[in-house]
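Source file: input06.txt. Holds: compact mmCIF, C-alpha atoms.
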# COMPACT_ATOMS: atom_id res chain seq x y z
CA MET A 1053 -5.69 61.18 25.61
CA SER A 1054 -3.78 58.86 27.87
CA PHE A 1055 -0.10 59.15 28.74
CA ILE A 1056 1.85 55.90 28.52
CA ASN A 1057 5.25 56.06 30.16
CA TYR A 1058 7.44 53.07 29.33
CA ALA A 1059 10.28 54.53 31.40
CA SER A 1060 8.38 54.56 34.70
CA ARG A 1061 5.92 51.89 33.52
CA GLU A 1062 2.80 53.92 34.12
CA ILE A 1063 -0.42 54.65 32.31
CA ASN A 1064 -2.17 57.91 33.17
CA CYS A 1065 -5.75 58.59 32.15
CA LYS A 1066 -8.01 61.59 32.65
CA ILE A 1067 -11.65 61.20 33.70
CA VAL A 1068 -13.94 64.23 33.74
CA TYR A 1069 -17.18 64.47 35.75
CA TYR A 1070 -19.62 66.73 33.91
CA GLY A 1071 -23.12 67.89 34.76
CA PRO A 1072 -25.28 70.87 35.79
CA GLY A 1073 -24.53 73.04 38.82
CA LEU A 1074 -25.07 71.37 42.21
CA CYS A 1075 -25.64 67.92 40.68
CA GLY A 1076 -22.99 66.33 42.92
CA LYS A 1077 -19.80 66.09 40.85
CA THR A 1078 -17.60 67.32 43.68
CA THR A 1079 -19.49 65.11 46.13
CA ASN A 1080 -18.67 62.08 43.94
CA LEU A 1081 -14.97 62.91 44.16
CA GLN A 1082 -15.15 63.61 47.88
CA TYR A 1083 -16.74 60.22 48.50
CA ILE A 1084 -14.10 58.46 46.40
CA PHE A 1085 -11.38 60.37 48.23
CA ASN A 1086 -12.77 59.46 51.66
CA LYS A 1087 -13.16 55.78 50.84
CA THR A 1088 -9.85 55.19 49.07
CA ALA A 1089 -6.85 53.81 50.96
CA GLU A 1090 -4.09 56.35 51.70
CA GLU A 1091 -1.52 54.66 49.48
CA ALA A 1092 -3.85 54.69 46.49
CA LYS A 1093 -4.68 58.37 46.42
CA GLY A 1094 -3.05 61.76 46.23
CA LYS A 1095 -4.27 65.05 47.58
CA MET A 1096 -7.68 66.23 46.48
CA ILE A 1097 -7.59 69.77 45.18
CA SER A 1098 -10.70 71.93 45.00
CA LEU A 1099 -10.55 75.30 43.35
CA ALA A 1100 -13.81 76.60 44.78
CA THR A 1101 -15.46 79.83 45.83
CA GLU A 1102 -16.00 80.77 49.46
CA THR A 1103 -19.41 79.16 49.29
CA GLU A 1104 -17.85 75.89 48.10
CA ARG A 1105 -19.05 76.20 44.54
CA THR A 1106 -16.48 74.84 42.09
CA LEU A 1107 -14.73 77.78 40.45
CA PHE A 1108 -12.31 76.02 38.12
CA PHE A 1109 -12.01 72.31 38.91
CA ASP A 1110 -11.58 69.60 41.52
CA PHE A 1111 -8.74 67.18 41.04
CA LEU A 1112 -8.17 63.76 42.57
CA PRO A 1113 -5.33 61.45 41.49
CA LEU A 1114 -5.92 57.72 42.05
CA ALA A 1115 -3.47 54.85 41.64
CA LEU A 1116 -5.57 51.74 41.29
CA GLY A 1117 -3.00 49.03 40.84
CA GLU A 1118 -1.14 47.32 38.04
CA ILE A 1119 -2.01 45.83 34.70
CA ARG A 1120 0.69 43.82 32.91
CA GLY A 1121 3.38 45.49 34.99
CA PHE A 1122 2.09 49.00 34.34
CA LYS A 1123 0.84 51.17 37.19
CA VAL A 1124 -2.60 52.44 36.28
CA ARG A 1125 -3.35 55.97 37.41
CA PHE A 1126 -6.55 57.88 36.93
CA HIS A 1127 -6.78 61.62 37.29
CA LEU A 1128 -10.34 62.59 38.21
CA TYR A 1129 -11.52 66.10 37.39
CA THR A 1130 -14.83 67.87 37.83
CA VAL A 1131 -15.93 70.89 35.83
CA PRO A 1132 -17.69 73.93 37.34
CA GLY A 1133 -21.35 73.24 36.65
CA GLN A 1134 -22.73 76.76 36.72
CA VAL A 1135 -23.73 77.98 33.28
CA PHE A 1136 -21.50 81.09 33.23
CA TYR A 1137 -18.29 79.10 33.79
CA ASP A 1138 -18.39 77.70 30.28
CA ALA A 1139 -14.90 78.95 29.32
CA SER A 1140 -13.40 76.99 32.22
CA ARG A 1141 -15.38 73.87 31.37
CA LYS A 1142 -13.92 73.83 27.87
CA LEU A 1143 -10.39 73.94 29.23
CA ILE A 1144 -10.92 70.99 31.52
CA LEU A 1145 -12.27 68.81 28.73
CA LYS A 1146 -8.94 69.02 26.90
CA GLY A 1147 -7.27 65.65 26.70
CA VAL A 1148 -10.14 63.79 28.36
CA ASP A 1149 -10.03 59.97 28.18
CA GLY A 1150 -13.39 59.20 29.74
CA LEU A 1151 -16.52 61.08 30.82
CA VAL A 1152 -19.09 60.71 33.56
CA PHE A 1153 -22.28 62.73 33.23
CA VAL A 1154 -23.80 63.31 36.65
CA ALA A 1155 -27.49 64.09 36.28
CA ASP A 1156 -29.49 65.68 39.06
CA SER A 1157 -32.57 63.46 39.19
CA GLN A 1158 -34.79 66.03 40.92
CA ASP A 1159 -37.78 67.03 38.85
CA GLU A 1160 -37.00 70.74 38.86
CA ARG A 1161 -33.50 70.12 37.46
CA LEU A 1162 -34.58 68.25 34.34
CA ASP A 1163 -34.08 71.27 32.09
CA ALA A 1164 -30.66 71.95 33.62
CA ASN A 1165 -29.60 68.36 32.89
CA ILE A 1166 -30.62 68.59 29.26
CA GLU A 1167 -28.93 71.96 28.86
CA SER A 1168 -25.72 70.66 30.41
CA MET A 1169 -25.73 67.57 28.18
CA GLU A 1170 -26.10 69.75 25.08
CA ASN A 1171 -23.35 72.00 26.40
CA LEU A 1172 -21.08 68.97 26.83
CA GLN A 1173 -21.65 67.88 23.24
CA ASP A 1174 -21.03 71.40 21.93
CA ASN A 1175 -17.85 71.81 23.92
CA LEU A 1176 -16.49 68.45 22.81
CA GLU A 1177 -17.28 69.17 19.18
CA GLU A 1178 -15.50 72.50 19.42
CA GLN A 1179 -12.35 70.56 20.25
CA GLY A 1180 -12.80 68.00 17.54
CA MET A 1181 -14.09 65.24 19.83
CA LYS A 1182 -17.34 63.35 19.73
CA LEU A 1183 -19.18 62.06 22.75
CA GLU A 1184 -20.05 58.87 20.84
CA GLU A 1185 -16.37 58.09 20.40
CA LEU A 1186 -15.40 58.58 24.03
CA PRO A 1187 -15.72 56.18 26.97
CA PHE A 1188 -18.86 57.57 28.58
CA VAL A 1189 -21.16 56.59 31.46
CA MET A 1190 -24.28 58.16 32.98
CA GLN A 1191 -25.06 58.61 36.65
CA TYR A 1192 -28.53 59.54 37.91
CA ASN A 1193 -27.67 61.16 41.21
CA LYS A 1194 -29.65 62.24 44.28
CA MET A 1195 -31.75 59.08 44.46
CA ASP A 1196 -32.07 59.71 48.20
CA LEU A 1197 -34.24 62.79 47.60
CA PRO A 1198 -38.00 63.06 46.97
CA ASN A 1199 -39.65 64.50 43.82
CA LEU A 1200 -37.50 62.66 41.30
CA THR A 1201 -37.97 62.32 37.57
CA PRO A 1202 -38.42 58.57 36.92
CA THR A 1203 -35.09 57.01 35.90
CA GLU A 1204 -36.65 55.62 32.69
CA GLU A 1205 -37.56 59.11 31.61
CA LEU A 1206 -34.13 60.51 32.45
CA SER A 1207 -32.60 57.65 30.51
CA LYS A 1208 -34.82 58.31 27.52
CA LEU A 1209 -33.96 62.01 27.47
CA LEU A 1210 -30.29 61.96 28.42
CA ASN A 1211 -29.06 58.56 27.35
CA PRO A 1212 -30.50 57.67 23.95
CA ARG A 1213 -27.43 55.58 23.06
CA LYS A 1214 -27.81 53.52 26.25
CA VAL A 1215 -24.29 53.82 27.55
CA PRO A 1216 -23.78 52.18 30.96
CA GLU A 1217 -26.02 54.02 33.47
CA PHE A 1218 -26.16 54.00 37.25
CA THR A 1219 -28.46 55.37 39.90
CA ALA A 1220 -26.58 56.97 42.73
CA SER A 1221 -26.59 59.01 45.86
CA ALA A 1222 -23.18 60.63 46.06
CA VAL A 1223 -23.85 61.81 49.62
CA THR A 1224 -24.24 58.25 50.90
CA GLY A 1225 -21.91 56.74 48.32
CA ASP A 1226 -24.46 54.52 46.60
CA GLY A 1227 -23.44 53.97 43.01
CA VAL A 1228 -20.34 56.16 43.20
CA PHE A 1229 -17.73 53.44 42.81
CA GLU A 1230 -19.90 51.52 40.34
CA THR A 1231 -19.86 54.61 38.11
CA LEU A 1232 -16.11 55.08 38.44
CA LYS A 1233 -15.38 51.43 37.75
CA ALA A 1234 -17.56 51.44 34.66
CA VAL A 1235 -15.85 54.44 33.08
CA ALA A 1236 -12.38 53.18 34.04
CA LYS A 1237 -13.17 49.86 32.43
CA LEU A 1238 -14.34 51.52 29.22
CA ILE A 1239 -11.13 53.59 29.10
CA LEU A 1240 -8.94 50.50 29.46
CA ILE A 1241 -10.92 48.66 26.80
CA ASP A 1242 -10.42 51.69 24.56
CA LEU A 1243 -6.69 51.60 25.25
CA LYS A 1244 -6.64 47.93 24.35
CA LYS A 1245 -8.45 48.61 21.08
CA GLY A 1246 -6.03 51.43 20.29
CA ALA A 1247 -3.12 49.09 20.90
CA GLY A 1248 -4.47 46.40 18.65
CA SER A 1249 -5.35 48.59 15.71
CA MET B 771 4.37 67.51 16.63
CA LEU B 772 1.84 65.54 18.60
CA GLY B 773 -1.77 66.18 17.81
CA PRO B 774 -4.12 67.20 20.58
CA GLN B 775 -5.82 63.83 20.81
CA SER B 776 -3.07 61.30 20.22
CA THR B 777 -1.80 59.20 23.11
CA PHE B 778 1.36 60.55 24.63
CA VAL B 779 4.04 57.86 24.87
CA MET B 780 7.35 58.06 26.71
CA TYR B 781 10.20 55.61 26.12
CA ASP B 782 13.22 54.79 28.25
CA GLU B 783 15.82 56.31 25.94
CA GLU B 784 14.09 59.67 25.57
CA PHE B 785 13.21 59.72 29.27
CA LYS B 786 16.92 59.46 30.13
CA ARG B 787 17.82 62.20 27.66
CA ILE B 788 15.09 64.47 29.02
CA ASN B 789 16.22 63.88 32.59
CA PHE B 790 19.82 64.58 31.64
CA LEU B 791 18.78 67.89 30.07
CA ILE B 792 16.65 69.09 32.97
CA GLU B 793 19.35 68.11 35.49
CA LYS B 794 21.80 70.19 33.47
CA LEU B 795 19.31 73.06 33.39
CA LEU B 796 18.85 72.76 37.16
CA ARG B 797 22.60 73.20 37.71
CA GLU B 798 23.12 75.93 35.14
CA SER B 799 20.16 78.00 36.29
CA ASN B 800 20.88 77.51 40.00
CA SER B 801 17.27 76.55 40.55
CA LYS B 802 15.62 74.35 43.19
CA VAL B 803 13.18 72.21 41.26
CA ILE B 804 12.41 71.62 37.62
CA PHE B 805 9.53 69.64 36.24
CA LEU B 806 7.93 68.92 32.92
CA VAL B 807 4.18 68.55 32.59
CA ASP B 808 2.04 67.76 29.62
CA LYS B 809 -0.70 70.30 28.90
CA ASN B 810 -3.32 67.89 30.24
CA GLY B 811 -1.71 67.89 33.66
CA GLN B 812 0.31 64.68 33.61
CA LEU B 813 3.75 64.89 35.17
CA ILE B 814 6.44 63.86 32.67
CA ALA B 815 9.67 64.32 34.61
CA ALA B 816 10.96 66.10 37.71
CA THR B 817 14.34 66.85 39.23
CA GLY B 818 15.80 68.78 42.16
CA GLU B 819 14.41 69.10 45.67
CA THR B 820 11.18 67.25 44.98
CA GLU B 821 10.96 65.15 48.19
CA HIS B 822 8.64 67.54 50.02
CA LEU B 823 6.68 68.58 46.98
CA ASP B 824 3.34 67.21 45.85
CA THR B 825 4.41 66.98 42.21
CA THR B 826 1.12 65.41 41.04
CA SER B 827 -0.89 68.37 42.33
CA LEU B 828 1.69 70.82 41.04
CA ALA B 829 1.45 69.26 37.59
CA SER B 830 -2.33 69.43 37.51
CA LEU B 831 -2.48 73.04 38.74
CA THR B 832 0.27 74.14 36.35
CA ALA B 833 -1.68 72.73 33.44
CA GLY B 834 -4.83 74.45 34.72
CA ASN B 835 -2.89 77.68 35.00
CA ILE B 836 -1.53 77.42 31.45
CA ALA B 837 -4.98 76.51 30.15
CA ALA B 838 -6.58 79.50 31.89
CA THR B 839 -3.91 81.94 30.69
CA GLY B 840 -4.20 80.43 27.21
CA GLY B 841 -7.92 81.17 27.33
CA LEU B 842 -7.17 84.76 28.38
CA ALA B 843 -4.65 85.08 25.53
CA LYS B 844 -7.22 84.03 22.96
CA LEU B 845 -9.73 86.54 24.31
CA ILE B 846 -7.33 89.40 23.60
CA GLY B 847 -6.26 87.99 20.24
CA GLU B 848 -2.99 86.33 21.24
CA LYS B 849 -2.18 82.70 20.39
CA GLU B 850 -0.84 82.00 23.87
CA PHE B 851 1.37 83.48 26.55
CA SER B 852 4.50 81.40 26.27
CA ILE B 853 6.06 82.49 29.57
CA LEU B 854 4.44 82.98 32.98
CA PHE B 855 6.27 84.22 36.02
CA HIS B 856 5.01 84.11 39.61
CA GLU B 857 6.99 85.94 42.25
CA GLY B 858 6.81 84.84 45.87
CA GLU B 859 8.50 86.01 49.05
CA LYS B 860 11.14 83.30 48.89
CA ASP B 861 10.43 81.09 45.92
CA ASN B 862 9.45 82.01 42.39
CA LEU B 863 7.87 80.04 39.59
CA HIS B 864 8.91 80.33 35.96
CA ILE B 865 6.55 78.54 33.61
CA SER B 866 7.13 78.25 29.87
CA ILE B 867 5.70 76.27 26.98
CA ILE B 868 7.90 73.91 24.99
CA GLY B 869 6.73 73.09 21.49
CA THR B 870 2.96 72.87 21.54
CA ARG B 871 2.26 70.39 24.26
CA VAL B 872 4.76 70.41 27.09
CA ILE B 873 5.14 72.83 30.01
CA LEU B 874 8.48 73.50 31.70
CA VAL B 875 8.26 74.66 35.32
CA ILE B 876 11.20 76.01 37.30
CA ILE B 877 11.16 76.84 40.99
CA PHE B 878 14.00 79.10 42.10
CA ASP B 879 14.93 81.34 45.03
CA GLN B 880 17.42 84.16 45.70
CA ARG B 881 20.34 81.93 44.70
CA SER B 882 19.27 82.49 41.11
CA SER B 883 17.56 85.31 39.22
CA LEU B 884 14.82 85.71 36.65
CA GLY B 885 17.37 86.80 34.07
CA LEU B 886 19.54 83.74 34.51
CA VAL B 887 16.55 81.40 34.47
CA ARG B 888 15.19 82.97 31.28
CA LEU B 889 18.55 82.74 29.58
CA ARG B 890 19.07 79.06 30.42
CA VAL B 891 15.48 78.13 29.66
CA LYS B 892 15.76 79.55 26.15
CA LYS B 893 18.57 77.22 25.19
CA ALA B 894 17.24 74.16 26.97
CA SER B 895 13.78 74.64 25.44
CA ASN B 896 15.07 74.07 21.94
CA GLU B 897 16.87 70.90 22.94
CA LEU B 898 13.85 69.60 24.83
CA ALA B 899 11.51 70.46 21.96
CA ALA B 900 13.68 68.39 19.62
CA ILE B 901 13.38 65.35 21.87
CA PHE B 902 9.60 65.71 22.14
CA ASP B 903 9.39 65.93 18.37
CA GLU B 904 11.35 62.70 18.06
CA LEU B 905 9.12 61.08 20.67
CA ALA B 906 6.03 62.02 18.69
CA LYS B 907 7.43 60.50 15.51
CA LYS B 908 8.57 57.37 17.31
CA ALA B 909 5.20 56.88 19.01
CA GLU B 910 3.45 57.30 15.68
CA SER B 911 5.56 54.74 13.86
CA GLU B 912 5.30 52.21 16.68
CA THR B 913 1.54 52.34 16.85
CA LYS B 914 1.19 51.42 13.20
CA PRO B 915 -0.26 47.96 12.77
CA GLY B 916 2.18 45.11 12.98
CA GLN B 917 4.96 47.21 14.45
CA GLY B 918 6.12 47.11 18.05
CA GLU B 919 4.55 45.14 20.86
CA SER B 920 2.01 47.07 22.87
CA PRO B 921 1.51 45.66 26.35
CA PHE B 922 -2.14 46.69 26.19
CA ALA B 923 -3.17 44.59 23.26
CA GLU B 924 -3.22 41.61 25.61
CA ILE B 925 -5.30 43.14 28.43
CA THR B 926 -8.07 40.79 29.49
CA ASP B 927 -11.36 41.54 31.23
CA ASP B 928 -9.94 39.79 34.29
CA ASP B 929 -6.97 42.18 34.38
CA ILE B 930 -9.38 45.09 34.41
CA ASP B 931 -11.66 43.55 37.04
CA ASN B 932 -8.68 42.78 39.27
CA LEU B 933 -7.85 46.48 39.47
CA PHE B 934 -11.01 47.04 41.45
CA SER B 935 -10.94 44.01 43.67
Show how you would write the structure in this file as structure tokens.
Amino acid sequence: MSFINYASREINCKIVYYGPGLCGKTTNLQYIFNKTAEEAKGKMISLATETERTLFFDFLPLALGEIRGFKVRFHLYTVPGQVFYDASRKLILKGVDGLVFVADSQDERLDANIESMENLQDNLEEQGMKLEELPFVMQYNKMDLPNLTPTEELSKLLNPRKVPEFTASAVTGDGVFETLKAVAKLILIDLKKGAGS
Amino acid sequence: MLGPQSTFVMYDEEFKRINFLIEKLLRESNSKVIFLVDKNGQLIAATGETEHLDTTSLASLTAGNIAATGGLAKLIGEKEFSILFHEGEKDNLHISIIGTRVILVIIFDQRSSLGLVRLRVKKASNELAAIFDELAKKAESETKPGQGESPFAEITDDDIDNLFS
């Protein structure tokens, strides 16, 4: 749910990065933070455990520029991926405008990806939202590692609707901005549709 | 009141009225900073000594805090905890919920007191809630087809692409 402020001429949108534990959601945000110009970003906040596992969320505000005289701001959030943090994940999904599912492409994480995708759908439904109705993109992460599930198979299992999908390596940055751009674009198109209806 | 999934819209007129009210509350409660945040973490308005404050981060963490305490409330059978208070060595935080969707945050030090802040917040909350109700109705009527000019109806693919260039 975006926030349109006619007084300060701003649009604010919320993007959530979802996916199983250790799939690279935080690494996506860290890469975006490191590669974004100072004036376009705010502070990145990580509520993490001592071992750098996300405890509640990471937060990164980005100001991309202007559209029709309105400043466009995106607030990027990650959820904690570990299974037992489900209560926190639900909270972060509230008011989401666009979703990125970060899949861990390593063979041994296939089950975790599927479980997390089902968890995402359940949690959205619980709040009266449907994944099919939200701007949504897929990212197949960790392409730099060996023993990967073939992308076609991941796509078949995780992306039956064929939403925009990207291969990525969040550590090196490959595919990170492509993913972000794609979801941002879908959100703005959604906003446009909402305005016209 | 605004539904959980509708777009939150702020107009000039209401923005001025909201700012007027929180400036008044700032004076009457002797506080340092006041800001309003929507439950999803977007900053709505801020007043007081905000120059050295990262208001964007504050807004996001406040919303996270309210969300987490709301989750705790549900677990023990409460609807929500409508007031949170954090006491620091110098500065304190008073967080309260206005209506169903807006969070009011007040930062104050020894020049004020919890009692005074609570008293002033009570009155101001009702006035603020009334404005947010009006905003919700206004936003609803203006998004009906054929009414009002939305600047986003005209967005082109080029506009969107230019954002990332």
>> If I take CA of Lys1123 (chain A) and CA of Ile788 (chain B), how far is one from the other in Å, to one decimal?
In response: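 Answer for the CA of Lys1123 (chain A) to CA of Ile788 (chain B) separation: 21.1 Å.
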>> Select, as a VMD selection string, those residues of chain A with any atom no more than 9 Å from chain B (distances computed using all atoms listed in the file).
In response: chain A and resid 1053 to 1060 1064 to 1066 1094 to 1097 1108 to 1109 1111 to 1113 1116 to 1122 1124 1127 1139 to 1140 1143 to 1144 1146 to 1148 1179 to 1181 1233 1236 to 1237 1240 to 1241 1243 to 1249
Export of prior selection with C-alpha atoms as a tab-separated table (two decimals), in the coordinates of the input:
chain	number	residue	atom	x	y	z
A	1053	MET	CA	-5.69	61.18	25.61
A	1054	SER	CA	-3.78	58.86	27.87
A	1055	PHE	CA	-0.10	59.15	28.74
A	1056	ILE	CA	1.85	55.90	28.52
A	1057	ASN	CA	5.25	56.06	30.16
A	1058	TYR	CA	7.44	53.07	29.33
A	1059	ALA	CA	10.28	54.53	31.40
A	1060	SER	CA	8.38	54.56	34.70
A	1064	ASN	CA	-2.17	57.91	33.17
A	1065	CYS	CA	-5.75	58.59	32.15
A	1066	LYS	CA	-8.01	61.59	32.65
A	1094	GLY	CA	-3.05	61.76	46.23
A	1095	LYS	CA	-4.27	65.05	47.58
A	1096	MET	CA	-7.68	66.23	46.48
A	1097	ILE	CA	-7.59	69.77	45.18
A	1108	PHE	CA	-12.31	76.02	38.12
A	1109	PHE	CA	-12.01	72.31	38.91
A	1111	PHE	CA	-8.74	67.18	41.04
A	1112	LEU	CA	-8.17	63.76	42.57
A	1113	PRO	CA	-5.33	61.45	41.49
A	1116	LEU	CA	-5.57	51.74	41.29
A	1117	GLY	CA	-3.00	49.03	40.84
A	1118	GLU	CA	-1.14	47.32	38.04
A	1119	ILE	CA	-2.01	45.83	34.70
A	1120	ARG	CA	0.69	43.82	32.91
A	1121	GLY	CA	3.38	45.49	34.99
A	1122	PHE	CA	2.09	49.00	34.34
A	1124	VAL	CA	-2.60	52.44	36.28
A	1127	HIS	CA	-6.78	61.62	37.29
A	1139	ALA	CA	-14.90	78.95	29.32
A	1140	SER	CA	-13.40	76.99	32.22
A	1143	LEU	CA	-10.39	73.94	29.23
A	1144	ILE	CA	-10.92	70.99	31.52
A	1146	LYS	CA	-8.94	69.02	26.90
A	1147	GLY	CA	-7.27	65.65	26.70
A	1148	VAL	CA	-10.14	63.79	28.36
A	1179	GLN	CA	-12.35	70.56	20.25
A	1180	GLY	CA	-12.80	68.00	17.54
A	1181	MET	CA	-14.09	65.24	19.83
A	1233	LYS	CA	-15.38	51.43	37.75
A	1236	ALA	CA	-12.38	53.18	34.04
A	1237	LYS	CA	-13.17	49.86	32.43
A	1240	LEU	CA	-8.94	50.50	29.46
A	1241	ILE	CA	-10.92	48.66	26.80
A	1243	LEU	CA	-6.69	51.60	25.25
A	1244	LYS	CA	-6.64	47.93	24.35
A	1245	LYS	CA	-8.45	48.61	21.08
A	1246	GLY	CA	-6.03	51.43	20.29
A	1247	ALA	CA	-3.12	49.09	20.90
A	1248	GLY	CA	-4.47	46.40	18.65
A	1249	SER	CA	-5.35	48.59	15.71
>> What does the structure give for the distance between CA of Ile868 (chain B) and CA of Ala899 (chain B), in Å to one decimal?
In response: 5.8 Å
>> Distance cut-off 12 Å, centre (-12.4, 79.2, 41.6) in file coordinates, counting all atoms listed in the file: which residues qualify? Return them as a ChimeraX atom specification.
In response: /A:1097-1110,1131-1134,1137,1140-1141 /B:834-835,838
>> Quick one: residues within 12 Å of Gly858 (chain B), all atoms listed in the file, excluding same-chain residues fewer than 2 positions away - as a list in words?
In response: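 Residues meeting the cut-off are Phe855, His856, Lys860, Asp861, Asn862, Leu863, His864, Ile877, Phe878, Asp879 and Gln880 of chain B.
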>> Nearest residue to Arg797 (chain B) out of B:Ile865, B:Ile901, B:Val891, B:Ala906, using all atoms listed in the file?
In response: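 Closest candidate: B:Val891.
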>> When you look at Asn800 (chain B) with a cut-off of 9 Å (counting all atoms listed in the file), what residues show up, excluding the ones that are within fewer than 4 positions of it in the same chain? I need them as a PyMOL selection string.
In response: chain B and resi 795-796+878-879+881-883+886-887
> Which value, in Å to one decimal, gives the distance between CA of Glu1160 (chain A) and CA of Val1223 (chain A)?
Replying inline: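 These atoms are spaced 19.2 Å apart.
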>> as a list in words, please: the residues near region 1184-1192 of chain A (cut-off 6 Å, all atoms listed in the file, same-chain neighbours under 6 positions excluded).
In response: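 Listing them by chain and then by number gives Gly1150, Leu1151, Val1152, Phe1153, Val1154, Ala1155, Ser1157, Val1215, Pro1216, Glu1217, Phe1218, Thr1219, Ala1220, Val1235, Leu1238 and Ile1239 of chain A.
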Coordinate excerpt as a short mmCIF file (atom, residue, chain, number, x, y, z; two decimals), in the first residue's frame: region 822-828 of chain B, all heavy atoms:
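Wrote it out as part31.cif, contents follow:
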data_model
loop_
_atom_site.label_atom_id
_atom_site.label_comp_id
_atom_site.auth_asym_id
_atom_site.auth_seq_id
_atom_site.Cartn_x
_atom_site.Cartn_y
_atom_site.Cartn_z
N HIS B 822 18.96 16.86 13.62
CA HIS B 822 20.00 15.84 13.81
C HIS B 822 19.42 14.44 13.94
O HIS B 822 20.08 13.53 14.41
CB HIS B 822 20.86 16.18 15.03
CG HIS B 822 21.45 17.55 14.94
ND1 HIS B 822 22.34 17.88 13.94
CD2 HIS B 822 21.23 18.67 15.65
CE1 HIS B 822 22.66 19.16 14.08
NE2 HIS B 822 21.99 19.66 15.10
N LEU B 823 18.16 14.31 13.56
CA LEU B 823 17.52 13.01 13.71
C LEU B 823 17.33 12.35 12.36
O LEU B 823 16.99 13.00 11.38
CB LEU B 823 16.13 13.20 14.34
CG LEU B 823 16.01 13.17 15.85
CD1 LEU B 823 14.54 13.28 16.21
CD2 LEU B 823 16.60 11.91 16.43
N ASP B 824 17.55 11.05 12.32
CA ASP B 824 17.27 10.28 11.11
C ASP B 824 15.79 9.86 11.17
O ASP B 824 15.46 8.79 11.66
CB ASP B 824 18.20 9.07 11.07
CG ASP B 824 17.98 8.20 9.85
OD1 ASP B 824 17.03 8.46 9.10
OD2 ASP B 824 18.77 7.26 9.66
N THR B 825 14.93 10.76 10.70
CA THR B 825 13.48 10.53 10.88
C THR B 825 12.98 9.34 10.07
O THR B 825 12.04 8.66 10.49
CB THR B 825 12.67 11.79 10.51
OG1 THR B 825 13.16 12.29 9.27
CG2 THR B 825 12.77 12.85 11.57
N THR B 826 13.62 9.07 8.92
CA THR B 826 13.19 7.92 8.11
C THR B 826 13.41 6.62 8.88
O THR B 826 12.51 5.77 8.96
CB THR B 826 13.99 7.85 6.79
OG1 THR B 826 13.98 9.15 6.20
CG2 THR B 826 13.40 6.86 5.83
N SER B 827 14.60 6.47 9.47
CA SER B 827 14.88 5.26 10.25
C SER B 827 13.99 5.19 11.48
O SER B 827 13.47 4.13 11.83
CB SER B 827 16.34 5.25 10.71
OG SER B 827 17.19 5.26 9.60
N LEU B 828 13.81 6.34 12.14
CA LEU B 828 12.95 6.37 13.31
C LEU B 828 11.55 5.89 12.97
O LEU B 828 10.93 5.13 13.72
CB LEU B 828 12.87 7.80 13.86
CG LEU B 828 13.84 8.15 14.97
CD1 LEU B 828 13.85 9.65 15.22
CD2 LEU B 828 13.47 7.42 16.24
#
